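> What follows is a structure written as structure tokens; I'll ask about it next.
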Amino acid sequence: IHDRLAGHGARFSVSSGWEYPEWFDVDGTNPVVPQGWGRHAGFDYQAAEHRAVREAVGMLDMSIMAKLLVQGRDAETVLNRVCANDVSVPAGRVVYTQWLNRAGGIIADLTVTRLAETRFLLVVTDLVHRRMAPWIERHTRDGELATVTDITAGSTLLTVQGPRARELLSSLTSADLSNDAFPYLTAKEIDLHYARVLALRVTYVGELGWELHVPADLALTVYDALHEAGPALGFRNLGLDAMGSLRLEKAYRDFGLDIDNMDTPFVVGLAFAVAKDKPGGFAVHDA
């Protein structure tokens, strides 16, 4: 959807080989943005994107995130070994967790979604993309069966957030998105326009919202459908700059900025994501 983002005024930056939208020049003025510490020409656009998510609904392309499938008879055992939290949950549940080094420092901050008895989806920042599979393989013991498949390029990740997110998505799906039918930290495959997408009820900005994993070949039609249905609800594209201010307001941590391998979950307020009494413990306990 790069051309769609560019067509809507995206001002791009780069990370790990990806271009991603920082903010959107919706007026087409193409302002010059010099380097410096002061507010630049994009500030007002970012502020408008921020308000749209707090007051209406916004959509962010997060395809830069790494997405891995971990599958096999012992997938749960291996993931519980490397995850600080407990991933022994029913299918359709999303678990927020960290991976820790031998000093207890955070080396990855991610969600683990159980899709089926022997199948899990991992979503993690692009910064540690290439470290994920080797870490899992390193902690898979002799005789255990767990495979890792990198599916990052196969899906477009759109996150739709804001108090009117449910209204927007409900206009394009037959699925029940009510709180009772689709509570926080759950995942379901739903129809969305002409696509079947994996929808996760999660947020990184502290609002009602869904993370949509759209098959790459259907990303254009889903993106266009959201844009056609959105204006009446105050819909707006947003970039990662607005996401940064939104998540800061909610004190959500960003790996590589707020937390890294020098921090333990207990000193950065993430103790709730550590299952200290999990049967078998986890990798850091074995040091």
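Within each chain, counting starts at residue 1; across the structure tokens, chains are named A, B, ... in the order shown, with ligands numbered 1 upward in that order.
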Using only C-alpha atoms, which protein or nucleic acid residues come within 8 Å of region 164-178 of chain A? Drop anything in the same chain fewer than 3 positions from it, and give the result as an mmCIF file with N, CA, C and O atoms, in the first residue's frame.

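Contents of around-v4.cif, freshly written:
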data_model
loop_
_atom_site.group_PDB
_atom_site.id
_atom_site.type_symbol
_atom_site.label_atom_id
_atom_site.label_comp_id
_atom_site.auth_asym_id
_atom_site.auth_seq_id
_atom_site.Cartn_x
_atom_site.Cartn_y
_atom_site.Cartn_z
ATOM 1 N N GLU A 55 -10.442 11.139 19.611
ATOM 2 C CA GLU A 55 -11.825 11.616 19.495
ATOM 3 C C GLU A 55 -12.652 10.854 18.460
ATOM 4 O O GLU A 55 -13.876 10.874 18.531
ATOM 5 N N ALA A 56 -12.013 10.212 17.505
ATOM 6 C CA ALA A 56 -12.761 9.569 16.414
ATOM 7 C C ALA A 56 -12.107 8.233 16.062
ATOM 8 O O ALA A 56 -12.229 7.266 16.802
ATOM 9 N N VAL A 57 -11.383 8.170 14.954
ATOM 10 C CA VAL A 57 -10.737 6.918 14.551
ATOM 11 C C VAL A 57 -9.590 7.231 13.594
ATOM 12 O O VAL A 57 -9.679 8.125 12.751
ATOM 13 N N GLY A 58 -8.502 6.497 13.755
ATOM 14 C CA GLY A 58 -7.354 6.644 12.878
ATOM 15 C C GLY A 58 -6.809 5.287 12.492
ATOM 16 O O GLY A 58 -7.081 4.272 13.146
ATOM 17 N N VAL A 160 -6.328 -0.112 13.463
ATOM 18 C CA VAL A 160 -7.428 0.853 13.458
ATOM 19 C C VAL A 160 -7.794 1.144 14.906
ATOM 20 O O VAL A 160 -8.196 0.240 15.647
ATOM 21 N N GLN A 161 -7.638 2.408 15.316
ATOM 22 C CA GLN A 161 -7.749 2.765 16.721
ATOM 23 C C GLN A 161 -8.595 4.018 16.910
ATOM 24 O O GLN A 161 -8.560 4.930 16.091
ATOM 25 N N ALA A 181 -18.727 -10.087 22.608
ATOM 26 C CA ALA A 181 -18.350 -11.080 21.605
ATOM 27 C C ALA A 181 -16.872 -11.037 21.267
ATOM 28 O O ALA A 181 -16.293 -12.051 20.850
ATOM 29 N N PHE A 182 -16.262 -9.864 21.438
ATOM 30 C CA PHE A 182 -14.870 -9.685 21.018
ATOM 31 C C PHE A 182 -14.151 -8.855 22.079
ATOM 32 O O PHE A 182 -13.801 -7.694 21.870
ATOM 33 N N PRO A 183 -13.880 -9.447 23.253
ATOM 34 C CA PRO A 183 -13.261 -8.683 24.349
ATOM 35 C C PRO A 183 -11.788 -8.382 24.088
ATOM 36 O O PRO A 183 -11.173 -8.898 23.145
ATOM 37 N N ILE A 190 -11.915 -12.773 10.770
ATOM 38 C CA ILE A 190 -13.192 -12.180 10.384
ATOM 39 C C ILE A 190 -13.151 -11.816 8.904
ATOM 40 O O ILE A 190 -12.085 -11.725 8.290
ATOM 41 N N ASP A 191 -14.342 -11.618 8.335
ATOM 42 C CA ASP A 191 -14.411 -11.056 6.993
ATOM 43 C C ASP A 191 -14.323 -9.537 7.119
ATOM 44 O O ASP A 191 -14.872 -8.944 8.039
ATOM 45 N N LEU A 192 -13.613 -8.930 6.203
ATOM 46 C CA LEU A 192 -13.508 -7.471 6.172
ATOM 47 C C LEU A 192 -13.473 -7.059 4.709
ATOM 48 O O LEU A 192 -12.475 -7.314 4.016
ATOM 49 N N HIS A 193 -14.564 -6.465 4.257
ATOM 50 C CA HIS A 193 -14.741 -6.164 2.839
ATOM 51 C C HIS A 193 -14.622 -7.479 2.067
ATOM 52 O O HIS A 193 -15.386 -8.389 2.326
ATOM 53 N N LEU A 208 -9.918 2.027 22.089
ATOM 54 C CA LEU A 208 -10.591 0.908 21.452
ATOM 55 C C LEU A 208 -9.970 0.698 20.081
ATOM 56 O O LEU A 208 -9.814 1.653 19.313
ATOM 57 N N GLY A 209 -9.603 -0.533 19.762
ATOM 58 C CA GLY A 209 -9.014 -0.734 18.451
ATOM 59 C C GLY A 209 -8.669 -2.178 18.152
ATOM 60 O O GLY A 209 -8.691 -3.047 19.029
ATOM 61 N N TRP A 210 -8.372 -2.394 16.882
ATOM 62 C CA TRP A 210 -8.015 -3.722 16.388
ATOM 63 C C TRP A 210 -6.762 -3.646 15.529
ATOM 64 O O TRP A 210 -6.548 -2.682 14.778
ATOM 65 N N ALA A 225 -11.317 0.344 1.123
ATOM 66 C CA ALA A 225 -12.638 0.245 1.738
ATOM 67 C C ALA A 225 -12.699 1.017 3.042
ATOM 68 O O ALA A 225 -13.694 1.697 3.341
ATOM 69 N N LEU A 226 -11.651 0.949 3.846
ATOM 70 C CA LEU A 226 -11.608 1.695 5.095
ATOM 71 C C LEU A 226 -11.631 3.196 4.822
ATOM 72 O O LEU A 226 -12.300 3.967 5.526
ATOM 73 N N ALA A 229 -15.202 4.252 3.816
ATOM 74 C CA ALA A 229 -16.186 4.211 4.903
ATOM 75 C C ALA A 229 -15.851 5.179 6.033
ATOM 76 O O ALA A 229 -16.719 5.501 6.850
ATOM 77 N N GLY A 230 -14.610 5.653 6.088
ATOM 78 C CA GLY A 230 -14.149 6.384 7.245
ATOM 79 C C GLY A 230 -14.519 7.843 7.392
ATOM 80 O O GLY A 230 -14.720 8.314 8.523
ATOM 81 N N LEU A 233 -16.939 9.278 9.910
ATOM 82 C CA LEU A 233 -16.652 8.997 11.317
ATOM 83 C C LEU A 233 -15.448 9.794 11.829
ATOM 84 O O LEU A 233 -14.988 9.577 12.936
#
> If we count only C-alpha atoms, what is near Glu249 (chain A) at a cut-off of 10 Å, once residues fewer than 6 positions away on the same chain are taken out, given as a list in words?
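So the residues in contact are Val205, Gly206 and Met243 of chain A.
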> For the residues selected in the previous step, produce a file with C-alpha atoms as a compact mmCIF listing (two decimals), in the first residue's frame.

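And here's selection19.txt as it stands now:
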# COMPACT_ATOMS: atom_id res chain seq x y z
CA VAL A 205 -2.34 3.95 21.96
CA GLY A 206 -4.76 3.24 24.79
CA MET A 243 1.59 7.00 17.59
> Identify which of the residues A:Gly104, A:Gly9, A:Pro21, A:Gly154 lies closest to Val82 (chain A), counting only C-alpha atoms when measuring atom-to-atom distances.
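Smallest distance to Val82 (chain A) is found for A:Gly104.
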> Can you work out the spacing between CA of Leu121 (chain A) and CA of Val267 (chain A) in Å, to one decimal?
27.5 Å
> If you run DSSP over the backbone, which residues in region 19-181 of chain A end up strand (DSSP E or B)? Put them as number ranges by chain.
A: 19-24, 57-61, 66-71, 93-100, 106-116, 119-124, 147-150, 155-161
> Could you tell me how far CA of Val78 (chain A) lies from CA of Trp18 (chain A), in Å and to one decimal?
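Atom-to-atom, CA of Val78 (chain A) and CA of Trp18 (chain A) are spaced 29.8 Å apart.
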